[in-house]
>>> print(open('target-v6.tsv').read())   # TSV, N, CA and C atoms
chain	number	residue	atom	x	y	z
J	28	MET	N	93.18	93.96	95.57
J	28	MET	CA	92.79	93.16	96.72
J	28	MET	C	93.11	93.93	97.99
J	29	GLY	N	92.18	93.95	98.92
J	29	GLY	CA	92.38	94.67	100.17
J	29	GLY	C	93.26	93.91	101.14
J	30	LYS	N	93.66	94.60	102.21
J	30	LYS	CA	94.54	93.96	103.20
J	30	LYS	C	93.85	92.79	103.90
J	31	LEU	N	92.56	92.94	104.18
J	31	LEU	CA	91.85	91.86	104.87
J	31	LEU	C	91.74	90.62	103.99
J	32	SER	N	91.38	90.81	102.73
J	32	SER	CA	91.26	89.65	101.85
J	32	SER	C	92.63	89.02	101.58
J	33	SER	N	93.68	89.84	101.52
J	33	SER	CA	95.03	89.30	101.36
J	33	SER	C	95.43	88.49	102.59
J	34	SER	N	95.09	88.99	103.77
J	34	SER	CA	95.41	88.27	105.00
J	34	SER	C	94.68	86.94	105.07
J	35	ILE	N	93.43	86.94	104.65
J	35	ILE	CA	92.67	85.69	104.64
J	35	ILE	C	93.28	84.70	103.66
J	36	LEU	N	93.64	85.18	102.48
J	36	LEU	CA	94.23	84.31	101.46
J	36	LEU	C	95.57	83.74	101.91
J	37	VAL	N	96.42	84.58	102.47
J	37	VAL	CA	97.73	84.11	102.93
J	37	VAL	C	97.57	83.17	104.12
J	38	GLY	N	96.68	83.50	105.06
J	38	GLY	CA	96.45	82.62	106.21
J	38	GLY	C	95.95	81.26	105.80
J	39	ALA	N	95.02	81.23	104.85
J	39	ALA	CA	94.49	79.94	104.37
J	39	ALA	C	95.55	79.16	103.62
J	40	THR	N	96.34	79.84	102.80
J	40	THR	CA	97.39	79.15	102.02
J	40	THR	C	98.42	78.52	102.93
J	41	ILE	N	98.90	79.27	103.90
J	41	ILE	CA	99.91	78.73	104.81
J	41	ILE	C	99.33	77.59	105.64
J	42	SER	N	98.10	77.74	106.07
J	42	SER	CA	97.46	76.68	106.85
J	42	SER	C	97.29	75.41	106.03
J	43	ILE	N	96.91	75.55	104.77
J	43	ILE	CA	96.77	74.38	103.89
J	43	ILE	C	98.12	73.72	103.67
J	44	LEU	N	99.16	74.51	103.49
J	44	LEU	CA	100.50	73.93	103.31
J	44	LEU	C	100.94	73.18	104.56
J	45	ILE	N	100.64	73.72	105.72
J	45	ILE	CA	101.00	73.02	106.96
J	45	ILE	C	100.25	71.70	107.06
J	46	GLU	N	98.96	71.71	106.73
J	46	GLU	CA	98.18	70.47	106.78
J	46	GLU	C	98.68	69.46	105.76
J	47	LEU	N	99.07	69.92	104.58
J	47	LEU	CA	99.64	69.01	103.58
J	47	LEU	C	100.95	68.41	104.06
J	48	SER	N	101.77	69.23	104.71
J	48	SER	CA	103.04	68.69	105.23
J	48	SER	C	102.78	67.68	106.34
J	49	GLN	N	101.71	67.85	107.10
J	49	GLN	CA	101.38	66.87	108.12
J	49	GLN	C	100.90	65.56	107.50
J	50	LEU	N	100.25	65.64	106.36
J	50	LEU	CA	99.86	64.42	105.65
J	50	LEU	C	101.09	63.64	105.19
J	51	LEU	N	102.10	64.37	104.74
J	51	LEU	CA	103.32	63.72	104.25
J	51	LEU	C	104.15	63.14	105.37
J	52	SER	N	103.97	63.64	106.59
J	52	SER	CA	104.76	63.12	107.71
J	52	SER	C	103.92	62.22	108.62
J	53	TYR	N	102.78	61.76	108.11
J	53	TYR	CA	101.91	60.81	108.82
J	53	TYR	C	101.38	61.33	110.14
J	54	ARG	N	101.14	62.63	110.21
J	54	ARG	CA	100.49	63.21	111.38
J	54	ARG	C	99.03	63.44	111.04
J	55	GLY	N	98.22	63.58	112.05
J	55	GLY	CA	96.80	63.81	111.83
J	55	GLY	C	96.51	65.20	111.28
J	56	THR	N	95.54	65.28	110.39
J	56	THR	CA	95.12	66.57	109.85
J	56	THR	C	93.64	66.75	110.11
J	57	ASP	N	93.21	68.00	110.10
J	57	ASP	CA	91.81	68.30	110.39
J	57	ASP	C	91.43	69.60	109.70
J	58	ILE	N	90.26	69.65	109.11
J	58	ILE	CA	89.77	70.84	108.43
J	58	ILE	C	89.56	71.98	109.42
J	59	ASP	N	89.29	71.63	110.69
J	59	ASP	CA	89.11	72.66	111.71
J	59	ASP	C	90.37	73.51	111.89
J	60	ASP	N	91.54	72.89	111.74
J	60	ASP	CA	92.79	73.64	111.84
J	60	ASP	C	92.88	74.72	110.76
J	61	ILE	N	92.50	74.37	109.55
J	61	ILE	CA	92.54	75.34	108.45
J	61	ILE	C	91.56	76.48	108.71
J	62	ILE	N	90.37	76.14	109.16
J	62	ILE	CA	89.34	77.16	109.42
J	62	ILE	C	89.79	78.08	110.55
J	63	MET	N	90.28	77.52	111.64
J	63	MET	CA	90.67	78.33	112.78
J	63	MET	C	91.90	79.18	112.49
J	64	ASN	N	92.87	78.64	111.76
J	64	ASN	CA	94.05	79.43	111.41
J	64	ASN	C	93.69	80.58	110.48
J	65	THR	N	92.80	80.34	109.53
J	65	THR	CA	92.35	81.40	108.63
J	65	THR	C	91.57	82.45	109.40
J	66	LEU	N	90.72	82.02	110.30
J	66	LEU	CA	89.98	82.96	111.14
J	66	LEU	C	90.94	83.78	112.01
J	67	GLY	N	91.96	83.13	112.53
J	67	GLY	CA	92.97	83.84	113.33
J	67	GLY	C	93.72	84.89	112.53
J	68	ALA	N	94.03	84.57	111.27
J	68	ALA	CA	94.72	85.54	110.42
J	68	ALA	C	93.83	86.75	110.15
J	69	SER	N	92.54	86.50	109.92
J	69	SER	CA	91.64	87.63	109.64
J	69	SER	C	91.40	88.46	110.91
J	70	ILE	N	91.28	87.82	112.06
J	70	ILE	CA	91.11	88.56	113.32
J	70	ILE	C	92.37	89.37	113.62
J	71	GLY	N	93.53	88.79	113.36
J	71	GLY	CA	94.79	89.52	113.56
J	71	GLY	C	94.88	90.75	112.68
J	72	CYS	N	94.43	90.63	111.44
J	72	CYS	CA	94.44	91.78	110.53
J	72	CYS	C	93.49	92.86	111.01
J	73	ILE	N	92.31	92.47	111.45
J	73	ILE	CA	91.33	93.44	111.96
J	73	ILE	C	91.87	94.13	113.21
J	74	MET	N	92.49	93.37	114.11
J	74	MET	CA	93.05	93.96	115.32
J	74	MET	C	94.18	94.93	114.99
J	75	TYR	N	94.99	94.59	114.00
J	75	TYR	CA	96.07	95.48	113.58
J	75	TYR	C	95.49	96.79	113.02
J	76	LYS	N	94.45	96.69	112.20
J	76	LYS	CA	93.82	97.90	111.65
J	76	LYS	C	93.25	98.77	112.76
J	77	MET	N	92.62	98.15	113.75
J	77	MET	CA	92.06	98.90	114.87
J	77	MET	C	93.17	99.59	115.66
J	78	TRP	N	94.24	98.86	115.94
J	78	TRP	CA	95.35	99.42	116.70
J	78	TRP	C	96.02	100.55	115.93
J	79	ASP	N	96.14	100.40	114.63
J	79	ASP	CA	96.76	101.43	113.81
J	79	ASP	C	95.94	102.72	113.83
J	80	ARG	N	94.61	102.58	113.82
J	80	ARG	CA	93.74	103.76	113.88
J	80	ARG	C	93.78	104.42	115.26
J	81	ILE	N	93.82	103.60	116.31
J	81	ILE	CA	93.83	104.13	117.67
J	81	ILE	C	95.15	104.82	117.97
J	82	SER	N	96.26	104.16	117.63
J	82	SER	CA	97.57	104.68	118.00
J	82	SER	C	98.04	105.79	117.08
J	83	LYS	N	97.49	105.87	115.87
J	83	LYS	CA	97.91	106.87	114.88
J	83	LYS	C	99.43	106.88	114.75
J	84	SER	N	99.96	105.70	114.55
J	84	SER	CA	101.40	105.52	114.47
J	84	SER	C	101.99	106.30	113.31
J	85	LYS	N	103.17	106.87	113.55
J	85	LYS	CA	103.85	107.60	112.48
J	85	LYS	C	104.65	106.64	111.59
J	86	TYR	N	104.78	105.41	112.01
J	86	TYR	CA	105.51	104.42	111.23
J	86	TYR	C	104.56	103.71	110.28
J	87	GLN	N	104.97	103.59	109.06
J	87	GLN	CA	104.15	102.95	108.05
J	87	GLN	C	104.87	101.71	107.52
J	88	PHE	N	104.10	100.70	107.20
J	88	PHE	CA	104.66	99.49	106.62
J	88	PHE	C	105.09	99.79	105.18
J	89	ALA	N	106.35	99.53	104.89
J	89	ALA	CA	106.88	99.87	103.57
J	89	ALA	C	106.43	98.89	102.50
J	90	GLY	N	105.96	97.73	102.91
J	90	GLY	CA	105.54	96.73	101.95
J	90	GLY	C	106.70	95.83	101.54
J	91	PHE	N	106.44	94.94	100.62
J	91	PHE	CA	107.48	94.06	100.14
J	91	PHE	C	107.19	93.72	98.69
J	92	ASP	N	108.17	93.19	98.04
J	92	ASP	CA	108.04	92.81	96.64
J	92	ASP	C	107.11	91.60	96.55
J	93	SER	N	106.26	91.58	95.54
J	93	SER	CA	105.26	90.51	95.42
J	93	SER	C	105.91	89.15	95.18
J	94	ARG	N	107.16	89.12	94.77
J	94	ARG	CA	107.84	87.83	94.56
J	94	ARG	C	108.39	87.26	95.85
J	95	GLU	N	108.45	88.06	96.92
J	95	GLU	CA	109.01	87.58	98.18
J	95	GLU	C	108.07	86.61	98.90
J	96	LEU	N	106.78	86.86	98.84
J	96	LEU	CA	105.83	86.05	99.60
J	96	LEU	C	105.87	84.57	99.21
J	97	PRO	N	105.83	84.21	97.92
J	97	PRO	CA	105.94	82.78	97.59
J	97	PRO	C	107.25	82.16	98.06
J	98	ALA	N	108.33	82.94	98.02
J	98	ALA	CA	109.62	82.42	98.49
J	98	ALA	C	109.56	82.15	99.99
J	99	TYR	N	108.96	83.05	100.76
J	99	TYR	CA	108.83	82.84	102.20
J	99	TYR	C	107.97	81.61	102.51
J	100	ILE	N	106.89	81.47	101.78
J	100	ILE	CA	106.01	80.33	102.00
J	100	ILE	C	106.73	79.02	101.70
J	101	LEU	N	107.48	78.96	100.61
J	101	LEU	CA	108.21	77.75	100.27
J	101	LEU	C	109.29	77.43	101.30
J	102	VAL	N	109.99	78.45	101.77
J	102	VAL	CA	111.02	78.23	102.79
J	102	VAL	C	110.38	77.69	104.07
J	103	LEU	N	109.24	78.26	104.47
J	103	LEU	CA	108.56	77.75	105.66
J	103	LEU	C	108.07	76.32	105.47
J	104	PHE	N	107.54	76.04	104.28
J	104	PHE	CA	106.99	74.71	104.02
J	104	PHE	C	108.09	73.64	104.04
J	105	PHE	N	109.17	73.88	103.31
J	105	PHE	CA	110.23	72.88	103.24
J	105	PHE	C	111.13	72.92	104.47
J	106	GLY	N	111.22	74.07	105.12
J	106	GLY	CA	112.01	74.17	106.35
J	106	GLY	C	111.43	73.32	107.47
J	107	ARG	N	110.12	73.13	107.43
J	107	ARG	CA	109.48	72.28	108.43
J	107	ARG	C	110.02	70.87	108.37
J	108	PHE	N	110.20	70.34	107.16
J	108	PHE	CA	110.74	68.99	107.01
J	108	PHE	C	112.19	68.93	107.46
J	109	TYR	N	112.94	69.98	107.20
J	109	TYR	CA	114.34	70.01	107.60
J	109	TYR	C	114.48	70.06	109.12
J	110	LEU	N	113.68	70.89	109.76
J	110	LEU	CA	113.81	71.03	111.20
J	110	LEU	C	113.18	69.90	111.99
J	111	PHE	N	112.04	69.42	111.54
J	111	PHE	CA	111.30	68.42	112.32
J	111	PHE	C	111.27	67.05	111.72
J	112	GLY	N	111.97	66.84	110.59
J	112	GLY	CA	111.93	65.56	109.91
J	112	GLY	C	112.89	64.57	110.38
>>> encode(input="target-v6.tsv", output="structure tokens")
Amino acid sequence: MGKLSSSILVGATISILIELSQLLSYRGTDIDDIIMNTLGASIGCIMYKMWDRISKSKYQFAGFDSRELPAYILVLFFGRFYLFG
């Protein structure tokens, strides 16, 4: 999977989780939020790729373990209830 498709998938997943948490806390939800957040994640990825090509940065992203991402998503999802509940 490429970086752009991964960014779209992660952006959509996090946006869906946020909307689900809003359903559980009796706040309004809207499909437009999911679409716009996913679009924002993909635009951010494209802008990062453009900036990386222009700047020719010597620093490279080392990556992360594939098991870390679900843990981060769960912490963000449940942390929302802890902080704002």
>>> select_by_dssp(input="target-v6.tsv", residues="chain J", states="helix (DSSP H, G or I)", output="tab-separated table (two decimals) with N, CA and C atoms, keeping the file's coordinate frame")
chain	number	residue	atom	x	y	z
J	30	LYS	N	93.66	94.60	102.21
J	30	LYS	CA	94.54	93.96	103.20
J	30	LYS	C	93.85	92.79	103.90
J	31	LEU	N	92.56	92.94	104.18
J	31	LEU	CA	91.85	91.86	104.87
J	31	LEU	C	91.74	90.62	103.99
J	32	SER	N	91.38	90.81	102.73
J	32	SER	CA	91.26	89.65	101.85
J	32	SER	C	92.63	89.02	101.58
J	33	SER	N	93.68	89.84	101.52
J	33	SER	CA	95.03	89.30	101.36
J	33	SER	C	95.43	88.49	102.59
J	34	SER	N	95.09	88.99	103.77
J	34	SER	CA	95.41	88.27	105.00
J	34	SER	C	94.68	86.94	105.07
J	35	ILE	N	93.43	86.94	104.65
J	35	ILE	CA	92.67	85.69	104.64
J	35	ILE	C	93.28	84.70	103.66
J	36	LEU	N	93.64	85.18	102.48
J	36	LEU	CA	94.23	84.31	101.46
J	36	LEU	C	95.57	83.74	101.91
J	37	VAL	N	96.42	84.58	102.47
J	37	VAL	CA	97.73	84.11	102.93
J	37	VAL	C	97.57	83.17	104.12
J	38	GLY	N	96.68	83.50	105.06
J	38	GLY	CA	96.45	82.62	106.21
J	38	GLY	C	95.95	81.26	105.80
J	39	ALA	N	95.02	81.23	104.85
J	39	ALA	CA	94.49	79.94	104.37
J	39	ALA	C	95.55	79.16	103.62
J	40	THR	N	96.34	79.84	102.80
J	40	THR	CA	97.39	79.15	102.02
J	40	THR	C	98.42	78.52	102.93
J	41	ILE	N	98.90	79.27	103.90
J	41	ILE	CA	99.91	78.73	104.81
J	41	ILE	C	99.33	77.59	105.64
J	42	SER	N	98.10	77.74	106.07
J	42	SER	CA	97.46	76.68	106.85
J	42	SER	C	97.29	75.41	106.03
J	43	ILE	N	96.91	75.55	104.77
J	43	ILE	CA	96.77	74.38	103.89
J	43	ILE	C	98.12	73.72	103.67
J	44	LEU	N	99.16	74.51	103.49
J	44	LEU	CA	100.50	73.93	103.31
J	44	LEU	C	100.94	73.18	104.56
J	45	ILE	N	100.64	73.72	105.72
J	45	ILE	CA	101.00	73.02	106.96
J	45	ILE	C	100.25	71.70	107.06
J	46	GLU	N	98.96	71.71	106.73
J	46	GLU	CA	98.18	70.47	106.78
J	46	GLU	C	98.68	69.46	105.76
J	47	LEU	N	99.07	69.92	104.58
J	47	LEU	CA	99.64	69.01	103.58
J	47	LEU	C	100.95	68.41	104.06
J	48	SER	N	101.77	69.23	104.71
J	48	SER	CA	103.04	68.69	105.23
J	48	SER	C	102.78	67.68	106.34
J	49	GLN	N	101.71	67.85	107.10
J	49	GLN	CA	101.38	66.87	108.12
J	49	GLN	C	100.90	65.56	107.50
J	50	LEU	N	100.25	65.64	106.36
J	50	LEU	CA	99.86	64.42	105.65
J	50	LEU	C	101.09	63.64	105.19
J	51	LEU	N	102.10	64.37	104.74
J	51	LEU	CA	103.32	63.72	104.25
J	51	LEU	C	104.15	63.14	105.37
J	58	ILE	N	90.26	69.65	109.11
J	58	ILE	CA	89.77	70.84	108.43
J	58	ILE	C	89.56	71.98	109.42
J	59	ASP	N	89.29	71.63	110.69
J	59	ASP	CA	89.11	72.66	111.71
J	59	ASP	C	90.37	73.51	111.89
J	60	ASP	N	91.54	72.89	111.74
J	60	ASP	CA	92.79	73.64	111.84
J	60	ASP	C	92.88	74.72	110.76
J	61	ILE	N	92.50	74.37	109.55
J	61	ILE	CA	92.54	75.34	108.45
J	61	ILE	C	91.56	76.48	108.71
J	62	ILE	N	90.37	76.14	109.16
J	62	ILE	CA	89.34	77.16	109.42
J	62	ILE	C	89.79	78.08	110.55
J	63	MET	N	90.28	77.52	111.64
J	63	MET	CA	90.67	78.33	112.78
J	63	MET	C	91.90	79.18	112.49
J	64	ASN	N	92.87	78.64	111.76
J	64	ASN	CA	94.05	79.43	111.41
J	64	ASN	C	93.69	80.58	110.48
J	65	THR	N	92.80	80.34	109.53
J	65	THR	CA	92.35	81.40	108.63
J	65	THR	C	91.57	82.45	109.40
J	66	LEU	N	90.72	82.02	110.30
J	66	LEU	CA	89.98	82.96	111.14
J	66	LEU	C	90.94	83.78	112.01
J	67	GLY	N	91.96	83.13	112.53
J	67	GLY	CA	92.97	83.84	113.33
J	67	GLY	C	93.72	84.89	112.53
J	68	ALA	N	94.03	84.57	111.27
J	68	ALA	CA	94.72	85.54	110.42
J	68	ALA	C	93.83	86.75	110.15
J	69	SER	N	92.54	86.50	109.92
J	69	SER	CA	91.64	87.63	109.64
J	69	SER	C	91.40	88.46	110.91
J	70	ILE	N	91.28	87.82	112.06
J	70	ILE	CA	91.11	88.56	113.32
J	70	ILE	C	92.37	89.37	113.62
J	71	GLY	N	93.53	88.79	113.36
J	71	GLY	CA	94.79	89.52	113.56
J	71	GLY	C	94.88	90.75	112.68
J	72	CYS	N	94.43	90.63	111.44
J	72	CYS	CA	94.44	91.78	110.53
J	72	CYS	C	93.49	92.86	111.01
J	73	ILE	N	92.31	92.47	111.45
J	73	ILE	CA	91.33	93.44	111.96
J	73	ILE	C	91.87	94.13	113.21
J	74	MET	N	92.49	93.37	114.11
J	74	MET	CA	93.05	93.96	115.32
J	74	MET	C	94.18	94.93	114.99
J	75	TYR	N	94.99	94.59	114.00
J	75	TYR	CA	96.07	95.48	113.58
J	75	TYR	C	95.49	96.79	113.02
J	76	LYS	N	94.45	96.69	112.20
J	76	LYS	CA	93.82	97.90	111.65
J	76	LYS	C	93.25	98.77	112.76
J	77	MET	N	92.62	98.15	113.75
J	77	MET	CA	92.06	98.90	114.87
J	77	MET	C	93.17	99.59	115.66
J	78	TRP	N	94.24	98.86	115.94
J	78	TRP	CA	95.35	99.42	116.70
J	78	TRP	C	96.02	100.55	115.93
J	79	ASP	N	96.14	100.40	114.63
J	79	ASP	CA	96.76	101.43	113.81
J	79	ASP	C	95.94	102.72	113.83
J	80	ARG	N	94.61	102.58	113.82
J	80	ARG	CA	93.74	103.76	113.88
J	80	ARG	C	93.78	104.42	115.26
J	81	ILE	N	93.82	103.60	116.31
J	81	ILE	CA	93.83	104.13	117.67
J	81	ILE	C	95.15	104.82	117.97
J	82	SER	N	96.26	104.16	117.63
J	82	SER	CA	97.57	104.68	118.00
J	82	SER	C	98.04	105.79	117.08
J	95	GLU	N	108.45	88.06	96.92
J	95	GLU	CA	109.01	87.58	98.18
J	95	GLU	C	108.07	86.61	98.90
J	96	LEU	N	106.78	86.86	98.84
J	96	LEU	CA	105.83	86.05	99.60
J	96	LEU	C	105.87	84.57	99.21
J	97	PRO	N	105.83	84.21	97.92
J	97	PRO	CA	105.94	82.78	97.59
J	97	PRO	C	107.25	82.16	98.06
J	98	ALA	N	108.33	82.94	98.02
J	98	ALA	CA	109.62	82.42	98.49
J	98	ALA	C	109.56	82.15	99.99
J	99	TYR	N	108.96	83.05	100.76
J	99	TYR	CA	108.83	82.84	102.20
J	99	TYR	C	107.97	81.61	102.51
J	100	ILE	N	106.89	81.47	101.78
J	100	ILE	CA	106.01	80.33	102.00
J	100	ILE	C	106.73	79.02	101.70
J	101	LEU	N	107.48	78.96	100.61
J	101	LEU	CA	108.21	77.75	100.27
J	101	LEU	C	109.29	77.43	101.30
J	102	VAL	N	109.99	78.45	101.77
J	102	VAL	CA	111.02	78.23	102.79
J	102	VAL	C	110.38	77.69	104.07
J	103	LEU	N	109.24	78.26	104.47
J	103	LEU	CA	108.56	77.75	105.66
J	103	LEU	C	108.07	76.32	105.47
J	104	PHE	N	107.54	76.04	104.28
J	104	PHE	CA	106.99	74.71	104.02
J	104	PHE	C	108.09	73.64	104.04
J	105	PHE	N	109.17	73.88	103.31
J	105	PHE	CA	110.23	72.88	103.24
J	105	PHE	C	111.13	72.92	104.47
J	106	GLY	N	111.22	74.07	105.12
J	106	GLY	CA	112.01	74.17	106.35
J	106	GLY	C	111.43	73.32	107.47
J	107	ARG	N	110.12	73.13	107.43
J	107	ARG	CA	109.48	72.28	108.43
J	107	ARG	C	110.02	70.87	108.37
J	108	PHE	N	110.20	70.34	107.16
J	108	PHE	CA	110.74	68.99	107.01
J	108	PHE	C	112.19	68.93	107.46
J	109	TYR	N	112.94	69.98	107.20
J	109	TYR	CA	114.34	70.01	107.60
J	109	TYR	C	114.48	70.06	109.12
J	110	LEU	N	113.68	70.89	109.76
J	110	LEU	CA	113.81	71.03	111.20
J	110	LEU	C	113.18	69.90	111.99
J	111	PHE	N	112.04	69.42	111.54
J	111	PHE	CA	111.30	68.42	112.32
J	111	PHE	C	111.27	67.05	111.72
>>> residues_around(input="target-v6.tsv", residues="Glu46 in chain J", least_positions_apart="5", cutoff="6.5 Å", atoms="all atoms listed in the file", output="number ranges by chain")
J: 41, 51, 56-57
>>> closest_residue(input="target-v6.tsv", among="J:Met74, J:Val102, J:Leu110, J:Ile62", to="Leu36 in chain J", atoms="only C-alpha atoms")
J:Ile62
>>> atom_distance(input="target-v6.tsv", atom1="atom C of Phe104 in chain J", atom2="CA of Lys30 in chain J")
24.4 Å
>>> axis_aligned_box(input="target-v6.tsv", around="range 55-71 of chain J", padding_each_side="8 Å", output="AutoDock Vina command-line options")
--center_x 93.7 --center_y 77.2 --center_z 111.0 --size_x 25.1 --size_y 43.2 --size_z 21.2
>>> atom_distance(input="target-v6.tsv", atom1="CA of Leu44 in chain J", atom2="CA of Gly106 in chain J")
11.9 Å
>>> closest_residue(input="target-v6.tsv", among="J:Leu103, J:Ile61, J:Ser69, J:Arg94", to="Ser42 in chain J", atoms="all atoms listed in the file")
J:Ile61
>>> residues_near_point(input="target-v6.tsv", point="(93.9, 88.4, 111.6)", cutoff="12 Å", atoms="only C-alpha atoms", output="PyMOL selection string")
chain J and resi 30-39+63-77
>>> atom_distance(input="target-v6.tsv", atom1="CA of Ile45 in chain J", atom2="CA of Trp78 in chain J")
28.7 Å
